[in-house]
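Source file: protein_4.txt; contents: compact mmCIF, C-alpha atoms and all ligand atoms.
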```txt
# COMPACT_ATOMS: atom_id res chain seq x y z
CA MET J 1 -15.78 51.07 19.60
CA ILE J 2 -13.91 48.90 22.09
CA LEU J 3 -13.06 45.42 20.94
CA ARG J 4 -12.52 42.58 23.34
CA LEU J 5 -10.26 40.02 21.75
CA LYS J 6 -11.54 36.45 21.78
CA LYS J 7 -9.09 33.75 22.67
CA SER J 8 -11.40 31.07 21.30
CA LEU J 9 -11.08 32.62 17.83
CA GLY J 10 -7.29 32.83 18.03
CA GLN J 11 -7.34 36.60 18.01
CA HIS J 12 -3.71 37.65 18.33
CA LEU J 13 -3.22 40.83 16.37
CA LEU J 14 0.06 41.41 14.62
CA ILE J 15 1.02 44.96 15.58
CA SER J 16 4.52 45.42 14.17
CA SER J 17 4.33 47.63 11.10
CA GLY J 18 7.71 46.28 10.03
CA VAL J 19 6.44 42.70 9.94
CA LEU J 20 3.11 43.71 8.37
CA ASN J 21 4.93 45.42 5.52
CA ARG J 22 7.26 42.46 5.06
CA ILE J 23 4.25 40.13 4.72
CA ALA J 24 2.73 42.39 2.09
CA GLU J 25 6.07 42.44 0.22
CA TYR J 26 6.42 38.68 0.32
CA ALA J 27 2.99 38.37 -1.31
CA GLN J 28 4.52 39.95 -4.44
CA LEU J 29 1.32 41.79 -5.25
CA SER J 30 1.07 43.36 -8.63
CA GLU J 31 -1.44 45.38 -10.53
CA GLY J 32 -4.79 43.77 -11.26
CA GLU J 33 -4.47 40.89 -8.83
CA VAL J 34 -7.31 39.57 -6.72
CA VAL J 35 -6.45 38.77 -3.13
CA VAL J 36 -8.19 36.96 -0.28
CA GLU J 37 -7.21 37.74 3.29
CA ILE J 38 -8.23 35.22 5.92
CA GLY J 39 -8.94 36.47 9.44
CA PRO J 40 -8.37 40.20 8.88
CA GLY J 41 -9.26 41.00 12.50
CA THR J 42 -8.96 44.76 12.96
CA GLY J 43 -7.49 45.19 9.49
CA LEU J 44 -3.85 46.00 10.19
CA LEU J 45 -2.54 43.63 7.55
CA THR J 46 -5.44 44.66 5.31
CA LYS J 47 -4.18 48.24 5.30
CA ALA J 48 -0.68 47.13 4.37
CA LEU J 49 -2.10 45.11 1.44
CA LEU J 50 -4.21 47.99 0.19
CA LYS J 51 -1.07 50.05 -0.47
CA TYR J 52 -0.54 47.84 -3.52
CA PRO J 53 -2.39 48.33 -6.82
CA ILE J 54 -4.51 45.19 -6.48
CA THR J 55 -7.99 45.09 -8.02
CA LYS J 56 -9.95 43.45 -5.27
CA LEU J 57 -9.46 42.28 -1.71
CA TYR J 58 -11.88 39.78 -0.20
CA LEU J 59 -11.82 39.62 3.59
CA ILE J 60 -12.98 36.35 5.12
CA GLU J 61 -13.79 36.84 8.79
CA LEU J 62 -15.91 34.76 11.13
CA ASP J 63 -16.39 37.22 13.98
CA THR J 64 -19.36 39.60 13.63
CA GLU J 65 -17.79 42.23 15.88
CA MET J 66 -14.62 42.26 13.80
CA LEU J 67 -16.71 42.61 10.65
CA GLU J 68 -18.51 45.64 12.10
CA TYR J 69 -15.19 47.14 13.07
CA LEU J 70 -13.80 46.60 9.57
CA GLN J 71 -16.92 48.06 8.00
CA GLU J 72 -16.38 51.27 9.96
CA ASN J 73 -12.63 51.49 9.63
CA ILE J 74 -11.69 50.28 6.19
CA LYS J 75 -13.04 52.54 3.50
CA ASP J 76 -11.76 51.26 0.22
CA GLU J 77 -13.94 50.27 -2.67
CA ARG J 78 -11.68 47.33 -3.56
CA VAL J 79 -12.63 45.59 -0.31
CA VAL J 80 -15.38 42.97 -0.11
CA LEU J 81 -16.27 41.74 3.38
CA ILE J 82 -17.44 38.16 3.72
CA GLN J 83 -18.63 36.53 6.90
CA ALA J 84 -17.53 32.94 6.58
CA ASP J 85 -15.58 30.15 8.18
CA ALA J 86 -12.25 29.78 6.39
CA THR J 87 -12.04 26.08 7.27
CA THR J 88 -14.90 25.35 4.86
CA PHE J 89 -14.87 28.35 2.55
CA ASN J 90 -15.61 27.69 -1.12
CA TYR J 91 -13.10 29.83 -3.06
CA GLN J 92 -14.74 28.84 -6.34
CA GLU J 93 -17.86 30.78 -5.39
CA LEU J 94 -16.01 34.07 -5.68
CA GLY J 95 -16.06 33.52 -9.42
CA GLU J 96 -12.47 34.69 -9.89
CA ARG J 97 -9.95 33.12 -12.22
CA LYS J 98 -6.96 33.39 -9.89
CA LEU J 99 -6.54 34.25 -6.24
CA LYS J 100 -3.69 34.99 -3.91
CA VAL J 101 -4.61 33.95 -0.39
CA LEU J 102 -2.94 35.18 2.75
CA GLY J 103 -3.41 35.90 6.41
CA ASN J 104 -2.31 35.88 9.98
CA LEU J 105 -4.26 32.72 10.70
CA PRO J 106 -6.19 31.81 13.84
CA TYR J 107 -3.68 29.26 15.14
CA ASN J 108 -6.12 26.69 16.48
CA VAL J 109 -7.58 26.06 13.02
CA ALA J 110 -4.61 26.87 10.77
CA SER J 111 -4.21 23.30 9.52
CA LEU J 112 -7.92 23.01 8.73
CA ILE J 113 -7.79 26.27 6.80
CA VAL J 114 -4.85 25.01 4.76
CA GLU J 115 -6.42 21.60 4.15
CA ASN J 116 -9.51 23.34 2.80
CA LEU J 117 -7.38 25.57 0.58
CA ILE J 118 -5.75 22.54 -1.04
CA TYR J 119 -9.11 21.55 -2.55
CA TYR J 120 -8.97 24.80 -4.53
CA HIS J 121 -5.24 24.74 -5.36
CA SER J 122 -5.74 25.11 -9.10
CA LEU J 123 -7.24 28.56 -8.47
CA ILE J 124 -4.52 29.66 -6.08
CA PRO J 125 -0.97 30.16 -7.43
CA LEU J 126 0.34 31.63 -4.22
CA ALA J 127 -0.55 31.67 -0.54
CA LEU J 128 1.21 33.20 2.43
CA PHE J 129 0.45 32.45 6.05
CA LEU J 130 1.60 33.40 9.48
CA VAL J 131 1.15 30.40 11.78
CA GLN J 132 2.69 28.79 14.84
CA LYS J 133 6.29 27.98 14.07
CA GLU J 134 5.77 24.38 15.14
CA VAL J 135 2.88 24.02 12.69
CA ALA J 136 4.92 25.50 9.84
CA GLU J 137 7.69 23.01 10.60
CA LYS J 138 5.21 20.12 10.46
CA TRP J 139 3.95 21.21 7.05
CA LEU J 140 7.56 21.36 5.85
CA SER J 141 8.55 18.02 7.34
CA GLY J 142 7.17 15.69 4.68
CA LYS J 143 6.23 13.40 7.58
CA SER J 144 2.51 13.80 8.02
CA TRP J 145 -0.44 13.23 5.73
CA LEU J 146 -1.14 16.99 5.53
CA SER J 147 2.46 17.80 4.73
CA ILE J 148 2.32 15.44 1.74
CA PHE J 149 -1.13 16.69 0.75
CA ILE J 150 0.25 20.24 0.65
CA GLN J 151 3.53 19.38 -1.07
CA THR J 152 1.77 17.51 -3.86
CA PHE J 153 0.59 20.91 -5.08
CA TYR J 154 2.89 23.50 -3.53
CA GLU J 155 6.54 24.24 -2.82
CA LEU J 156 6.88 25.62 0.69
CA GLU J 157 9.26 28.35 1.70
CA TYR J 158 9.99 29.25 5.31
CA LEU J 159 10.38 33.02 5.15
CA MET J 160 10.88 34.21 8.69
CA THR J 161 10.33 33.64 12.38
CA VAL J 162 8.16 36.17 14.20
CA PRO J 163 8.60 36.30 17.99
CA PRO J 164 5.64 36.76 20.40
CA ARG J 165 6.45 40.40 21.19
CA PHE J 166 5.11 41.53 17.81
CA PHE J 167 1.56 40.46 18.70
CA LYS J 168 -1.17 41.70 20.98
CA PRO J 169 -1.97 39.80 23.10
CA GLN J 170 1.32 37.93 22.93
CA PRO J 171 1.07 34.24 22.04
CA LYS J 172 3.16 31.78 24.06
CA VAL J 173 5.14 30.51 21.08
CA ASP J 174 7.10 31.74 18.08
CA SER J 175 5.29 32.21 14.80
CA ALA J 176 6.52 31.65 11.28
CA LEU J 177 5.74 33.15 7.92
CA ILE J 178 5.45 30.50 5.26
CA ARG J 179 4.84 30.85 1.55
CA PHE J 180 3.08 28.33 -0.71
CA LYS J 181 4.07 28.46 -4.37
CA GLN J 182 1.95 26.38 -6.69
CA PHE J 183 3.93 23.48 -8.13
CA ILE J 184 1.65 20.63 -9.10
CA LYS J 185 3.72 17.46 -8.93
CA LYS J 186 0.80 15.21 -9.69
CA GLU J 187 -2.71 15.77 -10.97
CA ILE J 188 -5.17 14.15 -8.60
CA SER J 189 -8.75 13.86 -9.76
CA ASP J 190 -10.38 12.89 -6.48
CA LEU J 191 -8.83 14.84 -3.63
CA LYS J 192 -11.08 13.31 -0.97
CA LYS J 193 -9.91 9.89 -1.99
CA TYR J 194 -6.30 11.07 -1.98
CA LYS J 195 -6.79 12.37 1.57
CA LYS J 196 -8.24 9.00 2.59
CA PHE J 197 -5.19 7.25 1.18
CA LEU J 198 -2.70 9.61 2.83
CA THR J 199 -4.38 9.47 6.23
CA ALA J 200 -4.32 5.67 6.07
CA LEU J 201 -0.66 5.73 5.05
CA TYR J 202 0.36 8.03 7.91
CA GLN J 203 -1.83 6.57 10.62
CA TYR J 204 0.41 4.70 13.07
CA LYS J 205 3.48 6.02 11.28
CA ARG J 206 5.81 3.48 12.89
CA LYS J 207 3.89 0.55 11.44
CA MET J 208 5.36 -1.17 8.43
CA LEU J 209 3.63 -0.83 5.10
CA ARG J 210 2.73 -4.50 4.97
CA LYS J 211 0.37 -3.96 7.92
CA LYS J 212 -1.49 -1.36 5.89
CA PHE J 213 -1.49 -2.55 2.28
CA PRO J 214 -1.73 -5.93 0.52
CA GLU J 215 1.65 -7.53 -0.20
CA GLU J 216 0.97 -7.72 -3.96
CA LEU J 217 0.29 -4.02 -4.05
CA LEU J 218 3.69 -3.28 -2.49
CA ARG J 219 5.40 -5.73 -4.81
CA GLU J 220 3.88 -4.05 -7.85
CA CYS J 221 5.34 -0.76 -6.63
CA ASN J 222 8.74 -2.31 -5.93
CA LEU J 223 8.51 -1.33 -2.29
CA ALA J 224 9.97 -3.55 0.42
CA ASN J 225 7.20 -4.51 2.80
CA ASN J 226 9.17 -3.55 5.90
CA LEU J 227 9.33 0.10 4.89
CA ARG J 228 7.43 2.73 6.84
CA ALA J 229 5.50 5.73 5.60
CA GLU J 230 8.29 8.14 6.39
CA ASP J 231 10.80 6.16 4.28
CA LEU J 232 8.86 6.92 1.11
CA LYS J 233 9.75 9.54 -1.46
CA LEU J 234 7.01 11.60 -3.03
CA THR J 235 7.28 9.57 -6.24
CA ASP J 236 6.82 6.33 -4.26
CA ILE J 237 3.73 7.78 -2.66
CA PHE J 238 2.25 8.72 -6.04
CA LEU J 239 2.90 5.26 -7.44
CA LEU J 240 1.44 3.60 -4.37
CA TYR J 241 -1.63 5.80 -4.67
CA GLU J 242 -2.16 4.82 -8.33
CA LYS J 243 -1.97 1.12 -7.49
CA TRP J 244 -4.09 1.54 -4.37
CA LEU J 245 -6.83 3.12 -6.49
CA GLN J 246 -6.95 -0.03 -8.57
CA TYR J 247 -7.32 -2.14 -5.44
CA SER J 248 -9.99 -0.09 -3.72
N1 LIG P 301 -5.01 39.33 10.68
C1 LIG P 301 -5.23 40.02 11.94
C2 LIG P 301 -5.85 39.13 13.02
C3 LIG P 301 -5.35 37.73 13.14
S1 LIG P 301 -6.11 36.90 14.42
C4 LIG P 301 -3.94 40.64 12.37
O1 LIG P 301 -2.90 40.27 11.88
O2 LIG P 301 -3.96 41.56 13.18
C5 LIG P 301 -7.10 35.71 13.59
C6 LIG P 301 -8.37 36.26 13.01
O3 LIG P 301 -9.07 35.18 12.41
C7 LIG P 301 -9.33 36.87 14.01
O4 LIG P 301 -9.82 38.08 13.50
C8 LIG P 301 -10.47 35.84 14.14
O5 LIG P 301 -11.73 36.40 14.44
C9 LIG P 301 -10.46 35.23 12.75
N2 LIG P 301 -11.00 33.85 12.70
C10 LIG P 301 -10.97 32.91 13.67
N3 LIG P 301 -11.47 31.74 13.22
C11 LIG P 301 -11.82 31.95 11.91
C12 LIG P 301 -12.38 31.12 10.90
N4 LIG P 301 -12.67 29.83 11.13
N5 LIG P 301 -12.61 31.67 9.67
C13 LIG P 301 -12.29 32.96 9.42
N6 LIG P 301 -11.74 33.78 10.35
C14 LIG P 301 -11.51 33.30 11.58
```
Now that the file is in, can you turn its structure into structure tokens?
Amino acid sequence: MILRLKKSLGQHLLISSGVLNRIAEYAQLSEGEVVVEIGPGTGLLTKALLKYPITKLYLIELDTEMLEYLQENIKDERVVLIQADATTFNYQELGERKLKVLGNLPYNVASLIVENLIYYHSLIPLALFLVQKEVAEKWLSGKSWLSIFIQTFYELEYLMTVPPRFFKPQPKVDSALIRFKQFIKKEISDLKKYKKFLTALYQYKRKMLRKKFPEELLRECNLANNLRAEDLKLTDIFLLYEKWLQYS
């Protein structure tokens, strides 16, 4: 079977066995664990993961041709193939208690995949993704709504840079392996509302807070009204969110 790789689906296969094995190692897989791999493609990373004594490996892939290829080439009874879009996937539906999630993500939708994962963070103690280096740096920055959304529930670790030559076809930019370790800094009951708050806070980042929130609200939080979103610490953001909930 000859596979034509689809650019529109971000199909850049990681072909370095050294890097594939490193990713599997960094996932710290131990006996009995249940793992989800996003965008398995032709299953190169899948094979590296299956060397570990995990109980089950769910593969979430959107492309029908890739799924057929995997069906023919991966014979392991721990594998469950699922055709689904990882930007909207409901991890709860798997009915598992805990999941490790990882993958060489399709770069065009990497942030959407991670945003979706955050809604299920309580199920997912660890995640590990290969993404564009620039995207990884944005998540780490603490300077965008998504970066704060992620860091409310996870500690991020930049593990390594992966240059284009390790992929086929080669992407134009460097990639980075980044690990998410669950660390819930604040319990948030309504994540959609929290997203709404954070996107409002980070929209027009250069604008001062007083253009975005009522003055009394800022006063109650002891925040000067000429501050900007990026001046805030995580604890300020949590406090502001609490007070904002009372106002909205
Ligand atoms: N993990 C493989 C391939 C990575 S390429 C490897 O390392 O070799 C990204 C993969 O994600 C492709 O197989 C592509 O078909 C798949 N994909 C693209 N968009 C997706 C989506 N929204 N949901 C799930 N999989 C997707």
Might you pull out every residue within 7 Å of segment 10-17 of chain J, with all atoms listed in the file counted and same-chain residues fewer than 4 positions away left off, and present them as a short mmCIF file (atom, residue, chain, number, x, y, z; two decimals) with C-alpha atoms, in the frame of the given file?
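To be explicit, this is the file written out as result.cif:
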```
data_model
loop_
_atom_site.label_atom_id
_atom_site.label_comp_id
_atom_site.auth_asym_id
_atom_site.auth_seq_id
_atom_site.Cartn_x
_atom_site.Cartn_y
_atom_site.Cartn_z
CA LEU J 5 -10.26 40.02 21.75
CA LYS J 6 -11.54 36.45 21.78
CA ASN J 21 4.93 45.42 5.52
CA PRO J 106 -6.19 31.81 13.84
CA TYR J 107 -3.68 29.26 15.14
CA ASN J 108 -6.12 26.69 16.48
CA PHE J 166 5.11 41.53 17.81
CA PHE J 167 1.56 40.46 18.70
CA LYS J 168 -1.17 41.70 20.98
CA PRO J 169 -1.97 39.80 23.10
CA GLN J 170 1.32 37.93 22.93
CA PRO J 171 1.07 34.24 22.04
#
```
Q.
As a quick test: using all atoms listed in the file, which residues lie no more than 6 Å away from ligand LIG 301 (chain P)? Give them as a list in words.
A.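 So, counting all atoms listed in the file, the residues near ligand LIG 301 (chain P) are Leu9, Gly10, Gln11, His12, Leu13, Leu14, Ile38, Gly39, Pro40, Gly41, Thr42, Leu44, Leu45, Ile60, Glu61, Leu62, Asp63, Ala84, Asp85, Ala86, Thr87, Gly103, Asn104, Leu105 and Pro106 of chain J.
We find atom CA of Gly32 of chain J and atom CA of Tyr52 of chain J to be spaced 9.7 Å apart.
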Q | Pick from J:Ile23, J:Lys186, J:Val35, J:Glu72, whichever lies nearest to Thr161 of chain J using all atoms listed in the file | A |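 Once distances to Thr161 of chain J are computed over all atoms listed in the file, the minimum belongs to J:Ile23.
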(Q) Nearest residue to Lys233 of chain J out of J:Ala176, J:Val36, J:Leu29, J:Ile148, using only C-alpha atoms? (A)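 Of J:Ala176, J:Val36, J:Leu29, J:Ile148, the one nearest Lys233 of chain J is J:Ile148, counting only C-alpha atoms.
One distance worth recording is that between atom CA of Glu96 of chain J and atom CA of Glu68 of chain J, which is 25.3 Å.
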(Q) Counting all atoms listed in the file, which residues sit no farther than 12 Å from the position (-8.8, 41.1, -6.9) in the file's frame? I'd like them as a ChimeraX atom specification. (A) /J:29-37,49-50,52-59,77-80,94-101
Q) What does the distance between atom CA of Lys192 of chain J and atom CA of Leu117 of chain J come to in Å, to one decimal place? A)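 So the two atoms, atom CA of Lys192 of chain J and atom CA of Leu117 of chain J, lie 12.9 Å apart.
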Q: In the coordinate frame of the file, compute which residues have an atom within 6 Å of (4.4, 8.9, 5.9) when using all atoms listed in the file, and state them as a PyMOL selection string.
A: chain J and resi 143-144+202+229-230
Q | Residue contacts of Tyr120 of chain J (9 Å, all atoms listed in the file) excluding same-chain residues fewer than 2 positions away, as a PyMOL selection string | A | chain J and resi 90-92+116-118+122-124
Q | Option closest in space to Thr64 of chain J, from J:Leu3, J:Leu20, J:Ala27, J:Arg179 [counting all atoms listed in the file] | A | J:Leu3
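Nearest residue to Leu191 of chain J among J:Pro214, J:Tyr154, J:Glu115, J:Tyr247 is J:Glu115, counting only C-alpha atoms.
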(Q) From the options J:Leu240, J:Leu232, J:Ala136, J:Ile74, which residue's atoms come nearest to Asp174 of chain J, counting all atoms listed in the file? (A) J:Ala136
(Q) Need to verify the contact set: segment 219-228 of chain J, 7 Å, only C-alpha atoms, exclusion of same-chain residues closer than 6 positions in sequence. Can you return it as a ChimeraX atom specification? (A) /J:205-210,239-240
